[in-house]
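Chemist: Pasting start-v8.txt below, which is compact mmCIF, C-alpha atoms and all ligand atoms.
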# COMPACT_ATOMS: atom_id res chain seq x y z
CA MET N 1204 -162.10 -29.53 -69.61
CA ASN N 1205 -162.76 -32.55 -67.47
CA ILE N 1206 -163.74 -31.83 -63.93
CA VAL N 1207 -166.08 -34.76 -63.58
CA ASN N 1208 -163.55 -37.48 -62.98
CA CYS N 1209 -162.05 -35.96 -59.89
CA ILE N 1210 -162.20 -37.83 -56.63
CA GLY N 1211 -165.15 -37.29 -54.36
CA PRO N 1212 -168.46 -35.57 -55.00
CA THR N 1213 -169.10 -32.85 -57.54
CA LEU N 1214 -166.79 -29.90 -57.12
CA ASN N 1215 -168.19 -26.71 -55.67
CA LYS N 1216 -167.93 -23.39 -57.47
CA SER N 1217 -164.60 -22.45 -56.00
CA GLU N 1218 -162.99 -25.77 -56.76
CA ILE N 1219 -164.19 -25.49 -60.31
CA GLU N 1220 -162.57 -22.08 -60.52
CA VAL N 1221 -159.30 -23.58 -59.35
CA ALA N 1222 -159.61 -26.49 -61.74
CA GLN N 1223 -160.56 -24.23 -64.61
CA ARG N 1224 -157.28 -22.40 -64.57
CA GLY N 1225 -156.20 -24.23 -67.65
CA HIS N 1226 -156.27 -27.92 -66.83
CA THR N 1227 -158.37 -30.72 -65.48
CA VAL N 1228 -157.93 -31.88 -61.91
CA THR N 1229 -157.13 -35.40 -63.07
CA ASP N 1230 -154.88 -34.47 -65.91
CA TYR N 1231 -151.87 -32.66 -64.56
CA LYS N 1232 -148.90 -31.69 -66.66
CA THR N 1233 -146.82 -31.61 -63.50
CA ASP N 1234 -145.48 -35.08 -62.80
CA PHE N 1235 -146.31 -35.51 -59.11
CA GLU N 1236 -144.88 -39.04 -59.15
CA TRP N 1237 -141.58 -37.54 -60.21
CA THR N 1238 -141.67 -34.76 -57.63
CA ARG N 1239 -142.38 -37.28 -54.88
CA GLU N 1240 -139.37 -39.32 -56.00
CA GLN N 1241 -137.14 -36.30 -55.50
CA PHE N 1242 -137.59 -36.27 -51.72
CA ASP N 1243 -135.87 -38.45 -49.18
CA LEU N 1244 -138.60 -39.13 -46.66
CA PRO N 1245 -137.99 -41.72 -43.92
CA ASP N 1246 -139.59 -45.09 -44.67
CA GLY N 1247 -143.21 -45.32 -43.63
CA MET N 1248 -143.50 -41.67 -42.63
CA ILE N 1249 -146.50 -39.63 -43.75
CA TYR N 1250 -145.23 -36.09 -43.66
CA LEU N 1251 -148.00 -33.53 -43.31
CA ASN N 1252 -145.76 -30.75 -42.07
CA GLY N 1253 -144.23 -29.40 -45.25
CA ASN N 1254 -146.07 -26.16 -44.45
CA SER N 1255 -143.64 -25.71 -41.56
CA LEU N 1256 -140.42 -27.38 -42.69
CA GLY N 1257 -140.18 -29.01 -46.09
CA PRO N 1258 -138.48 -32.42 -46.40
CA MET N 1259 -134.99 -33.00 -47.77
CA PRO N 1260 -134.54 -33.41 -51.50
CA LYS N 1261 -132.41 -36.44 -52.39
CA ALA N 1262 -130.14 -34.11 -54.34
CA SER N 1263 -129.19 -32.29 -51.13
CA VAL N 1264 -126.53 -34.79 -50.07
CA PRO N 1265 -124.55 -34.84 -53.34
CA ALA N 1266 -125.01 -31.08 -53.72
CA MET N 1267 -123.68 -30.41 -50.23
CA THR N 1268 -120.83 -32.89 -50.66
CA SER N 1269 -119.87 -31.21 -53.89
CA PHE N 1270 -120.06 -27.79 -52.24
CA LEU N 1271 -117.78 -28.93 -49.43
CA ASN N 1272 -115.27 -30.70 -51.66
CA ASP N 1273 -115.32 -28.66 -54.83
CA GLU N 1274 -116.10 -25.23 -53.47
CA TRP N 1275 -115.26 -24.56 -49.83
CA ARG N 1276 -112.34 -27.00 -49.48
CA THR N 1277 -110.68 -26.29 -52.80
CA GLU N 1278 -111.68 -22.75 -53.67
CA LEU N 1279 -111.72 -21.25 -50.19
CA ILE N 1280 -111.90 -17.45 -50.41
CA LYS N 1281 -111.72 -17.56 -54.21
CA GLY N 1282 -115.21 -19.11 -54.19
CA TRP N 1283 -116.80 -15.68 -53.78
CA ASN N 1284 -115.73 -15.04 -57.38
CA THR N 1285 -115.11 -18.43 -58.96
CA LYS N 1286 -118.33 -19.97 -57.67
CA ASN N 1287 -120.28 -16.74 -57.81
CA TRP N 1288 -121.14 -16.91 -54.09
CA PHE N 1289 -121.37 -13.13 -53.90
CA MET N 1290 -124.26 -12.84 -56.34
CA GLN N 1291 -126.22 -15.92 -55.32
CA THR N 1292 -128.47 -13.62 -53.31
CA ASN N 1293 -129.68 -12.44 -56.70
CA THR N 1294 -129.55 -15.57 -58.83
CA LEU N 1295 -131.54 -17.46 -56.21
CA GLY N 1296 -133.70 -14.37 -55.67
CA ASP N 1297 -134.65 -14.45 -59.34
CA ARG N 1298 -135.50 -18.14 -59.12
CA VAL N 1299 -137.73 -17.58 -56.08
CA GLY N 1300 -139.08 -14.55 -57.95
CA GLN N 1301 -140.33 -16.84 -60.72
CA LEU N 1302 -142.54 -18.59 -58.17
CA ILE N 1303 -144.11 -15.36 -56.94
CA GLY N 1304 -144.60 -13.55 -60.23
CA ALA N 1305 -141.62 -11.22 -59.83
CA ALA N 1306 -139.51 -9.96 -62.72
CA PRO N 1307 -135.77 -10.70 -62.60
CA GLY N 1308 -133.87 -8.14 -60.55
CA THR N 1309 -136.65 -7.49 -58.05
CA THR N 1310 -136.12 -10.23 -55.44
CA VAL N 1311 -133.12 -11.16 -53.28
CA VAL N 1312 -132.65 -13.93 -50.77
CA GLY N 1313 -130.81 -13.78 -47.47
CA ASP N 1314 -131.25 -13.15 -43.75
CA THR N 1315 -134.35 -14.32 -41.92
CA LEU N 1316 -137.97 -13.49 -42.53
CA SER N 1317 -138.22 -11.53 -39.28
CA ILE N 1318 -135.41 -9.30 -40.55
CA LYS N 1319 -136.99 -8.92 -43.96
CA VAL N 1320 -140.30 -7.93 -42.32
CA PHE N 1321 -138.45 -5.26 -40.34
CA GLN N 1322 -136.66 -4.04 -43.44
CA ALA N 1323 -139.81 -3.85 -45.57
CA VAL N 1324 -141.95 -2.16 -42.93
CA ALA N 1325 -139.22 0.35 -42.11
CA ALA N 1326 -138.88 1.17 -45.80
CA GLY N 1327 -142.65 1.48 -46.12
CA MET N 1328 -142.86 3.84 -43.14
CA ALA N 1329 -140.30 6.12 -44.77
CA MET N 1330 -142.41 6.32 -47.94
CA VAL N 1331 -145.34 7.88 -46.06
CA PRO N 1332 -143.63 9.86 -43.29
CA ASP N 1333 -146.69 11.76 -42.10
CA ARG N 1334 -148.81 8.66 -41.51
CA LYS N 1335 -148.32 7.03 -38.14
CA VAL N 1336 -150.53 3.95 -38.31
CA ILE N 1337 -149.28 0.50 -39.28
CA LEU N 1338 -152.15 -1.86 -39.92
CA SER N 1339 -151.97 -5.61 -39.53
CA ASP N 1340 -154.40 -8.07 -37.97
CA ASN N 1341 -154.66 -10.01 -34.75
CA GLY N 1342 -154.18 -13.33 -36.54
CA ASN N 1343 -150.77 -12.41 -37.91
CA PHE N 1344 -147.78 -14.48 -36.93
CA PRO N 1345 -146.37 -12.94 -33.74
CA THR N 1346 -142.88 -12.21 -35.07
CA ASP N 1347 -144.32 -9.79 -37.64
CA LEU N 1348 -146.13 -7.91 -34.89
CA TYR N 1349 -143.08 -8.03 -32.61
CA MET N 1350 -140.83 -6.60 -35.33
CA VAL N 1351 -143.21 -3.69 -35.82
CA GLU N 1352 -143.41 -3.13 -32.05
CA GLY N 1353 -139.61 -2.92 -32.00
CA LEU N 1354 -139.56 -0.53 -34.93
CA ILE N 1355 -142.12 1.71 -33.28
CA LYS N 1356 -140.04 1.84 -30.11
CA LEU N 1357 -136.90 2.56 -32.05
CA LYS N 1358 -138.53 5.38 -34.00
CA ASP N 1359 -140.14 6.83 -30.90
CA ALA N 1360 -142.23 9.13 -33.10
CA GLY N 1361 -145.83 8.37 -32.14
CA TYR N 1362 -146.37 5.35 -34.37
CA GLU N 1363 -149.23 2.95 -33.62
CA LEU N 1364 -149.79 -0.69 -34.61
CA ARG N 1365 -153.45 -1.56 -35.23
CA THR N 1366 -154.54 -5.20 -35.26
CA PRO N 1367 -158.24 -5.62 -36.04
CA ASP N 1368 -159.81 -9.01 -36.70
CA PRO N 1369 -158.63 -10.31 -40.09
CA GLU N 1370 -162.07 -9.90 -41.66
CA ASP N 1371 -162.06 -6.21 -40.69
CA VAL N 1372 -158.70 -5.35 -42.27
CA ILE N 1373 -160.11 -3.84 -45.47
CA ASP N 1374 -162.49 -1.57 -43.57
CA ASN N 1375 -159.63 -0.42 -41.37
CA ILE N 1376 -157.51 0.79 -44.28
CA THR N 1377 -158.18 4.49 -43.82
CA ASP N 1378 -156.36 7.71 -44.69
CA GLU N 1379 -154.45 7.42 -41.42
CA VAL N 1380 -152.77 4.17 -42.38
CA GLY N 1381 -149.24 4.36 -43.75
CA VAL N 1382 -148.26 0.70 -44.01
CA VAL N 1383 -150.54 -2.32 -44.38
CA MET N 1384 -148.56 -5.36 -43.24
CA ILE N 1385 -150.50 -8.49 -44.04
CA THR N 1386 -149.68 -12.17 -43.92
CA GLU N 1387 -151.81 -13.64 -46.67
CA VAL N 1388 -152.33 -17.10 -45.16
CA ASP N 1389 -153.03 -17.46 -41.44
CA TYR N 1390 -150.48 -19.77 -39.82
CA ARG N 1391 -153.10 -21.35 -37.59
CA THR N 1392 -156.24 -21.74 -39.66
CA GLY N 1393 -154.99 -21.33 -43.23
CA ARG N 1394 -157.51 -18.51 -43.77
CA ARG N 1395 -156.40 -16.46 -46.76
CA HIS N 1396 -156.70 -12.74 -47.28
CA ASP N 1397 -157.86 -11.41 -50.63
CA MET N 1398 -154.56 -9.72 -51.45
CA LYS N 1399 -155.91 -8.09 -54.60
CA ALA N 1400 -158.57 -6.35 -52.54
CA VAL N 1401 -156.11 -5.43 -49.77
CA ILE N 1402 -153.60 -3.95 -52.22
CA GLU N 1403 -156.22 -2.06 -54.22
CA LYS N 1404 -157.77 -0.54 -51.12
CA ALA N 1405 -154.38 0.31 -49.61
CA HIS N 1406 -153.20 2.01 -52.78
CA SER N 1407 -156.47 3.89 -53.19
CA LYS N 1408 -155.87 5.33 -49.70
CA GLY N 1409 -152.21 6.10 -50.33
CA ALA N 1410 -150.85 3.33 -48.07
CA VAL N 1411 -147.92 1.02 -48.73
CA VAL N 1412 -148.34 -2.78 -48.68
CA VAL N 1413 -145.97 -5.30 -47.11
CA TRP N 1414 -147.19 -8.79 -48.00
CA ASP N 1415 -145.83 -11.67 -45.91
CA GLN N 1416 -145.89 -14.83 -48.01
CA ALA N 1417 -144.53 -17.26 -45.41
CA HIS N 1418 -147.47 -19.62 -45.91
CA SER N 1419 -148.16 -18.67 -49.53
CA ALA N 1420 -144.94 -19.25 -51.47
CA GLY N 1421 -145.15 -22.74 -52.93
CA ALA N 1422 -148.67 -23.11 -51.56
CA VAL N 1423 -150.83 -20.86 -53.73
CA PRO N 1424 -150.27 -19.02 -57.01
CA ILE N 1425 -148.84 -15.55 -56.42
CA ASP N 1426 -148.49 -12.62 -58.78
CA VAL N 1427 -146.63 -9.84 -56.99
CA ALA N 1428 -146.03 -7.83 -60.15
CA GLY N 1429 -149.59 -8.23 -61.43
CA LEU N 1430 -151.07 -7.14 -58.12
CA ASP N 1431 -148.45 -4.39 -57.80
CA THR N 1432 -147.66 -4.92 -54.14
CA ASP N 1433 -144.99 -2.55 -52.85
CA PHE N 1434 -143.11 -5.21 -50.91
CA ALA N 1435 -143.33 -8.95 -50.43
CA VAL N 1436 -141.33 -11.06 -48.02
CA GLY N 1437 -141.27 -14.77 -47.35
CA CYS N 1438 -139.28 -17.76 -46.24
CA THR N 1439 -137.95 -20.73 -48.16
CA TYR N 1440 -137.85 -23.44 -45.49
CA LYS N 1441 -141.58 -24.26 -45.62
CA TYR N 1442 -143.22 -25.21 -48.93
CA LEU N 1443 -140.09 -24.38 -50.93
CA ASN N 1444 -138.11 -27.09 -49.09
CA GLY N 1445 -134.90 -25.06 -48.70
CA GLY N 1446 -133.97 -26.72 -45.38
CA PRO N 1447 -133.95 -25.67 -41.72
CA GLY N 1448 -133.02 -21.99 -41.46
CA ALA N 1449 -133.08 -21.52 -45.25
CA PRO N 1450 -132.85 -17.87 -46.31
CA ALA N 1451 -135.74 -15.46 -46.50
CA TYR N 1452 -136.53 -13.30 -49.52
CA ILE N 1453 -137.68 -9.78 -50.18
CA TYR N 1454 -139.36 -8.43 -53.28
CA VAL N 1455 -139.49 -4.71 -54.04
CA ALA N 1456 -141.71 -3.29 -56.78
CA PRO N 1457 -139.51 -2.10 -59.69
CA ARG N 1458 -141.00 1.38 -59.42
CA LEU N 1459 -139.44 1.70 -55.93
CA LEU N 1460 -135.96 0.36 -56.60
CA ASP N 1461 -134.43 3.82 -57.07
CA THR N 1462 -135.77 5.27 -53.88
CA VAL N 1463 -136.41 2.49 -51.36
CA GLU N 1464 -134.55 3.05 -48.07
CA PRO N 1465 -132.79 -0.12 -46.90
CA PHE N 1466 -132.33 1.11 -43.28
CA LEU N 1467 -130.54 -2.13 -42.34
CA SER N 1468 -127.70 -0.60 -44.28
CA GLY N 1469 -125.13 -3.36 -44.45
CA TRP N 1470 -122.15 -3.48 -46.75
CA TYR N 1471 -123.79 -5.98 -49.11
CA GLY N 1472 -126.31 -3.30 -50.06
CA HIS N 1473 -123.65 -0.68 -50.68
CA GLU N 1474 -123.07 0.81 -54.09
CA ALA N 1475 -119.43 -0.29 -53.95
CA PRO N 1476 -118.96 -2.83 -51.17
CA PHE N 1477 -115.28 -3.35 -51.93
CA ALA N 1478 -114.46 0.34 -51.93
CA PHE N 1479 -114.84 0.05 -48.14
CA ASP N 1480 -115.99 3.64 -47.87
CA THR N 1481 -116.88 4.78 -44.38
CA ASP N 1482 -120.20 6.24 -45.49
CA TYR N 1483 -123.17 4.20 -46.72
CA ARG N 1484 -124.57 4.71 -50.20
CA PRO N 1485 -127.22 2.21 -51.27
CA MET N 1486 -126.74 0.47 -54.59
CA PRO N 1487 -128.64 2.81 -56.94
CA GLY N 1488 -131.73 1.44 -58.63
CA LYS N 1489 -131.06 -2.20 -57.87
CA ILE N 1490 -132.47 -4.86 -55.55
CA GLU N 1491 -128.93 -5.36 -54.17
CA ARG N 1492 -129.65 -2.47 -51.83
CA MET N 1493 -131.90 -4.78 -49.81
CA ARG N 1494 -129.01 -7.13 -49.09
CA ILE N 1495 -127.43 -6.71 -45.67
CA GLY N 1496 -124.39 -8.86 -44.88
CA THR N 1497 -122.67 -12.15 -45.62
CA PRO N 1498 -125.30 -14.83 -46.26
CA SER N 1499 -125.05 -18.55 -45.49
CA ILE N 1500 -123.75 -19.99 -48.75
CA ALA N 1501 -124.20 -23.54 -47.42
CA SER N 1502 -127.92 -22.81 -47.06
CA PHE N 1503 -127.99 -21.45 -50.60
CA VAL N 1504 -126.72 -24.82 -51.86
CA LEU N 1505 -129.71 -26.56 -50.29
CA LEU N 1506 -132.16 -23.97 -51.55
CA SER N 1507 -130.78 -24.20 -55.06
CA GLY N 1508 -131.34 -27.97 -55.11
CA ALA N 1509 -134.92 -27.57 -53.91
CA LEU N 1510 -135.61 -24.95 -56.57
CA ASP N 1511 -134.44 -27.44 -59.22
CA ILE N 1512 -137.58 -29.40 -58.33
CA TRP N 1513 -139.76 -26.29 -58.39
CA ASP N 1514 -138.41 -25.48 -61.86
CA ARG N 1515 -140.39 -28.47 -63.16
CA VAL N 1516 -143.65 -27.70 -61.42
CA ASP N 1517 -146.68 -25.65 -62.43
CA MET N 1518 -147.85 -23.61 -59.44
CA GLU N 1519 -151.49 -23.51 -60.56
CA GLU N 1520 -151.45 -27.29 -60.72
CA VAL N 1521 -149.80 -27.62 -57.32
CA HIS N 1522 -152.63 -25.53 -55.94
CA ALA N 1523 -155.32 -27.49 -57.76
CA LYS N 1524 -153.84 -30.74 -56.48
CA SER N 1525 -153.66 -29.30 -52.99
CA VAL N 1526 -157.35 -28.42 -53.18
CA GLU N 1527 -158.16 -31.92 -54.37
CA LEU N 1528 -156.22 -33.56 -51.52
CA SER N 1529 -157.47 -31.08 -48.93
CA GLU N 1530 -161.09 -31.69 -49.84
CA LEU N 1531 -160.48 -35.41 -49.46
CA PHE N 1532 -158.79 -34.90 -46.10
CA ILE N 1533 -161.57 -32.69 -44.74
CA ARG N 1534 -164.27 -35.05 -45.96
CA GLU N 1535 -162.60 -38.09 -44.41
CA VAL N 1536 -161.79 -36.44 -41.06
CA GLU N 1537 -165.29 -35.03 -40.71
CA ALA N 1538 -166.87 -38.37 -41.53
CA ARG N 1539 -164.64 -40.44 -39.26
CA CYS N 1540 -163.36 -38.15 -36.48
CA PRO N 1541 -166.34 -36.10 -35.27
CA ALA N 1542 -164.44 -34.83 -32.20
CA LEU N 1543 -162.36 -32.64 -34.49
CA LYS N 1544 -163.83 -29.35 -35.71
CA LEU N 1545 -162.65 -27.79 -38.93
CA VAL N 1546 -161.22 -24.32 -38.32
CA SER N 1547 -159.92 -23.74 -41.84
CA PRO N 1548 -162.26 -22.08 -44.33
CA ARG N 1549 -164.44 -24.50 -46.25
CA ASP N 1550 -164.04 -22.61 -49.48
CA PRO N 1551 -160.72 -23.78 -51.01
CA LEU N 1552 -160.05 -20.35 -52.47
CA GLU N 1553 -160.27 -18.81 -49.01
CA ARG N 1554 -157.44 -20.87 -47.57
CA GLY N 1555 -153.80 -21.71 -48.18
CA SER N 1556 -152.43 -25.23 -48.31
CA HIS N 1557 -152.75 -26.42 -44.73
CA ILE N 1558 -155.84 -27.72 -43.03
CA SER N 1559 -156.49 -27.20 -39.33
CA PHE N 1560 -158.84 -28.84 -36.91
CA ALA N 1561 -159.58 -27.76 -33.36
CA PHE N 1562 -159.54 -30.46 -30.70
CA GLU N 1563 -159.34 -29.87 -26.97
CA HIS N 1564 -156.64 -32.54 -26.63
CA GLY N 1565 -154.97 -31.57 -29.88
CA TYR N 1566 -151.44 -31.45 -28.52
CA ALA N 1567 -151.55 -34.97 -27.08
CA CYS N 1568 -153.41 -36.28 -30.10
CA MET N 1569 -150.76 -34.87 -32.42
CA GLN N 1570 -148.01 -36.48 -30.31
CA ALA N 1571 -149.81 -39.82 -30.65
CA MET N 1572 -149.98 -39.33 -34.42
CA ILE N 1573 -146.29 -38.45 -34.57
CA ALA N 1574 -145.51 -41.62 -32.59
CA ASP N 1575 -147.46 -43.43 -35.31
CA ASN N 1576 -145.30 -41.80 -38.01
CA VAL N 1577 -147.86 -39.24 -39.21
CA ILE N 1578 -146.24 -35.87 -38.78
CA GLY N 1579 -148.34 -32.75 -38.41
CA ASP N 1580 -148.02 -30.08 -35.77
CA PHE N 1581 -149.91 -28.17 -33.13
CA ARG N 1582 -150.56 -24.49 -32.51
CA ALA N 1583 -151.88 -23.21 -29.21
CA PRO N 1584 -154.46 -23.25 -27.88
CA ASN N 1585 -156.04 -26.28 -29.59
CA VAL N 1586 -155.20 -26.38 -33.29
CA MET N 1587 -153.92 -29.49 -35.07
CA ARG N 1588 -152.32 -28.48 -38.37
CA PHE N 1589 -151.79 -30.63 -41.44
CA GLY N 1590 -149.80 -29.40 -44.40
CA ILE N 1591 -151.12 -30.60 -47.75
CA THR N 1592 -148.11 -30.52 -50.03
CA PRO N 1593 -148.71 -32.29 -53.36
CA LEU N 1594 -145.03 -32.45 -54.28
CA PHE N 1595 -144.65 -35.40 -51.90
CA VAL N 1596 -148.10 -36.13 -50.43
CA GLY N 1597 -150.69 -38.15 -52.34
CA GLU N 1598 -154.17 -39.52 -51.90
CA ALA N 1599 -152.95 -42.76 -50.28
CA ASP N 1600 -151.06 -40.74 -47.64
CA ILE N 1601 -154.16 -38.72 -46.83
CA LEU N 1602 -156.29 -41.84 -46.41
CA ALA N 1603 -153.65 -43.63 -44.31
CA ALA N 1604 -153.21 -40.58 -42.09
CA VAL N 1605 -156.94 -40.40 -41.41
CA ASP N 1606 -157.01 -44.14 -40.66
CA LYS N 1607 -154.41 -43.61 -37.96
CA LEU N 1608 -156.08 -40.50 -36.60
CA GLU N 1609 -159.42 -42.28 -36.37
CA LYS N 1610 -157.82 -45.19 -34.51
CA ILE N 1611 -156.04 -42.91 -32.03
CA LEU N 1612 -159.32 -41.14 -31.29
CA ASN N 1613 -161.40 -44.30 -31.04
CA GLU N 1614 -158.88 -45.93 -28.72
CA GLU N 1615 -158.31 -42.65 -26.85
CA ARG N 1616 -154.60 -43.20 -27.20
CA TRP N 1617 -153.98 -39.49 -26.79
CA LYS N 1618 -154.68 -40.02 -23.07
CA GLU N 1619 -151.39 -41.88 -22.61
CA GLU N 1620 -148.95 -40.24 -20.23
CA GLN N 1621 -146.15 -40.15 -22.83
CA PHE N 1622 -148.17 -37.80 -25.06
CA GLN N 1623 -148.83 -35.14 -22.42
CA LYS N 1624 -145.32 -33.70 -22.04
CA ARG N 1625 -144.83 -30.47 -24.01
CA SER N 1626 -141.63 -30.20 -26.00
CA LEU N 1627 -139.72 -26.95 -26.32
CA VAL N 1628 -140.82 -26.66 -29.94
CA THR N 1629 -144.41 -27.59 -30.78
C1 LIG W 1 -146.06 -15.25 -41.19
C2 LIG W 1 -144.73 -15.58 -40.64
N1 LIG W 1 -143.79 -14.63 -40.57
C3 LIG W 1 -142.56 -14.92 -40.08
C4 LIG W 1 -142.25 -16.20 -39.64
C5 LIG W 1 -140.93 -16.60 -39.06
O1 LIG W 1 -139.89 -15.78 -39.32
P1 LIG W 1 -138.40 -16.33 -39.16
O2 LIG W 1 -138.09 -17.16 -40.35
O3 LIG W 1 -137.58 -15.11 -39.04
O4 LIG W 1 -138.34 -17.17 -37.92
C6 LIG W 1 -143.20 -17.20 -39.72
C7 LIG W 1 -142.87 -18.56 -39.26
O5 LIG W 1 -143.60 -19.48 -39.34
C8 LIG W 1 -144.46 -16.88 -40.22
O6 LIG W 1 -145.41 -17.81 -40.27
Give the structure from the file, written as structure tokens.
Ligand SMILES: Cc1ncc(COP(=O)(O)O)c(C=O)c1O
Modeler:
Amino acid sequence: MNIVNCIGPTLNKSEIEVAQRGHTVTDYKTDFEWTREQFDLPDGMIYLNGNSLGPMPKASVPAMTSFLNDEWRTELIKGWNTKNWFMQTNTLGDRVGQLIGAAPGTTVVGDTLSIKVFQAVAAGMAMVPDRKVILSDNGNFPTDLYMVEGLIKLKDAGYELRTPDPEDVIDNITDEVGVVMITEVDYRTGRRHDMKAVIEKAHSKGAVVVWDQAHSAGAVPIDVAGLDTDFAVGCTYKYLNGGPGAPAYIYVAPRLLDTVEPFLSGWYGHEAPFAFDTDYRPMPGKIERMRIGTPSIASFVLLSGALDIWDRVDMEEVHAKSVELSELFIREVEARCPALKLVSPRDPLERGSHISFAFEHGYACMQAMIADNVIGDFRAPNVMRFGITPLFVGEADILAAVDKLEKILNEERWKEEQFQKRSLVT
């Protein structure tokens, strides 16, 4: 065990815990040089936004060309059988499942994360019909809250959504709560819930857990089966690099597969989709019942190529490397850019894999960085976010990014007119 040779000062207790999960922080089995080579990043760009949209794997172009020529063009409708398009929801689901600690047959991909949140929460509500409280927190990503609001309206049965401060979630899991819908990693600050504690408390009170892993999958080690969450949902376009609009996934605990109510009862979840019966019968005992309708097979091609990279990566090591790079980033920014205030937790085990700083002129400052080819993003009201993604970001990128940030701040370049205009998407 060698934790002495790592960059920077002596590791704190939490970093040591991360490093101690079976390897040294300087001696990775995962070949991060190789992973970096797999991505096609524009020349000179430092991409610190893989927490929002992962970059394109080089294999995407040949894979898509082959899909167009050898599958869609030549196979046409036959492709649903000859190229196994129909079951890719499951084959890719199993591959994503490997990254989140799910057994084969418990995860499917398809649809969008908002839809999967709706589906999971609706199913959870049906499992505890006499409990009318859905618990989340006021730091959750808005779409999760909006989906629950919609569900509550649709049900029109006296349901209530409670959103305490994130640190008060555990205390608010009471006997009234039916579903605990938690996003593990906060999209703004990177603050991370203790999912083990959330799940244990929820189960001890008879509540169902829906765990949103949007900012966790590919960022931190996850063990859905070990922690026995009821449901997990996530997206594949962030850390997993599946491409813009890549499919979402849903995991259902094996103990629920016989009984879980799909509610969004599309023909892909039917027991016999090609019987074309007029009544809906969910596929008995199988994760297929959480499928809805025809997925985007073209998106599956891109996701499959990205997962080929993930197949050769150790998630514990990705996390350890992320901690190493994040600590460096925080240390450098704090030393050289005092106007920025860290809003992510200092303890590496209490955060995901993005680092956020508050700065009053954060939007304009981020635009100036983007103009300088360092890509991060901004979240209202004042948060500058930087994704630390070891598959394609290294120490030299971190140092170069901070050099540019320091220069922009020292020269007050963020004041330039061109950086003030807000784009539609921030
Ligand atoms: C926690 C969380 N849930 C859901 C979403 C988005 O859902 P969708 O993929 O349907 O747009 C995001 C997007 O960043 C998110 O952070």
Chemist: What's the separation between CA of Thr1309 (chain N) and CA of Pro1369 (chain N), in Å to one decimal place?
Modeler: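 Taking CA of Thr1309 (chain N) as the start and CA of Pro1369 (chain N) as the end point, the length is 28.5 Å.
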Chemist: Which is closer to ligand LIG 1 (chain W) than all the others in N:Leu1271, N:Ile1280, N:Val1413, N:Ala1400, using all atoms listed in the file?
Modeler: N:Val1413
Chemist: Taking only residues of chain N that have an atom at most 9 Å from an atom of ligand LIG 1 (chain W), what is each one's shortest atom pair and its distance in Å to one decimal, using only C-alpha atoms and all ligand atoms, in chain and number order, as a Markdown table?
Modeler:
| residue | atom | partner | partner_atom | distance |
| --- | --- | --- | --- | --- |
| N:Asn1254 | CA | W:LIG1 | O5 | 8.8 |
| N:Ser1255 | CA | W:LIG1 | O5 | 6.6 |
| N:Asp1314 | CA | W:LIG1 | O3 | 8.1 |
| N:Thr1315 | CA | W:LIG1 | O3 | 4.4 |
| N:Leu1316 | CA | W:LIG1 | O3 | 3.9 |
| N:Ser1317 | CA | W:LIG1 | O3 | 3.6 |
| N:Ile1318 | CA | W:LIG1 | O3 | 6.4 |
| N:Lys1319 | CA | W:LIG1 | O3 | 7.9 |
| N:Val1320 | CA | W:LIG1 | C3 | 7.7 |
| N:Asn1343 | CA | W:LIG1 | C1 | 6.4 |
| N:Phe1344 | CA | W:LIG1 | C1 | 4.7 |
| N:Pro1345 | CA | W:LIG1 | N1 | 7.5 |
| N:Thr1346 | CA | W:LIG1 | C3 | 5.7 |
| N:Asp1347 | CA | W:LIG1 | N1 | 5.7 |
| N:Ile1385 | CA | W:LIG1 | C1 | 8.6 |
| N:Thr1386 | CA | W:LIG1 | C1 | 5.5 |
| N:Glu1387 | CA | W:LIG1 | C1 | 8.1 |
| N:Val1388 | CA | W:LIG1 | C1 | 7.6 |
| N:Asp1389 | CA | W:LIG1 | C1 | 7.3 |
| N:Tyr1390 | CA | W:LIG1 | O6 | 5.5 |
| N:Arg1391 | CA | W:LIG1 | O6 | 8.9 |
| N:Asp1415 | CA | W:LIG1 | C1 | 5.9 |
| N:Gln1416 | CA | W:LIG1 | C1 | 6.8 |
| N:Ala1417 | CA | W:LIG1 | C1 | 4.9 |
| N:His1418 | CA | W:LIG1 | O6 | 6.3 |
| N:Val1436 | CA | W:LIG1 | N1 | 8.6 |
| N:Gly1437 | CA | W:LIG1 | N1 | 7.2 |
| N:Cys1438 | CA | W:LIG1 | O2 | 6.0 |
| N:Thr1439 | CA | W:LIG1 | O2 | 8.6 |
| N:Tyr1440 | CA | W:LIG1 | O2 | 8.1 |
| N:Lys1441 | CA | W:LIG1 | O5 | 8.1 |
| N:Gly1448 | CA | W:LIG1 | O2 | 7.1 |
| N:Ala1449 | CA | W:LIG1 | O2 | 8.3 |
| N:Pro1450 | CA | W:LIG1 | O2 | 8.0 |
| N:Ala1451 | CA | W:LIG1 | O2 | 6.8 |
Chemist: How many Å lie between CA of Arg1515 (chain N) and CA of Leu1594 (chain N), rounded to one decimal?
Modeler: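 So the two atoms, CA of Arg1515 (chain N) and CA of Leu1594 (chain N), lie 10.8 Å apart.
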Chemist: Please, what distance in Å, to one decimal, runs between CA of Ser1529 (chain N) and CA of Pro1593 (chain N)?
Modeler: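 Separating CA of Ser1529 (chain N) from CA of Pro1593 (chain N) is a distance of 9.9 Å.
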Chemist: Output as JSON lines one row per residue of region 1302-1360 of chain N within 7 Å of region 1283-1296 of chain N: the closest atom pair and its distance in Å to one decimal place, counting only C-alpha atoms, sorted by chain and residue number ascending.
Modeler:
{"residue": "N:Thr1310", "atom": "CA", "partner": "N:Gly1296", "partner_atom": "CA", "distance": 4.8}
{"residue": "N:Val1311", "atom": "CA", "partner": "N:Gly1296", "partner_atom": "CA", "distance": 4.0}
{"residue": "N:Val1312", "atom": "CA", "partner": "N:Thr1292", "partner_atom": "CA", "distance": 4.9}
{"residue": "N:Gly1313", "atom": "CA", "partner": "N:Thr1292", "partner_atom": "CA", "distance": 6.3}
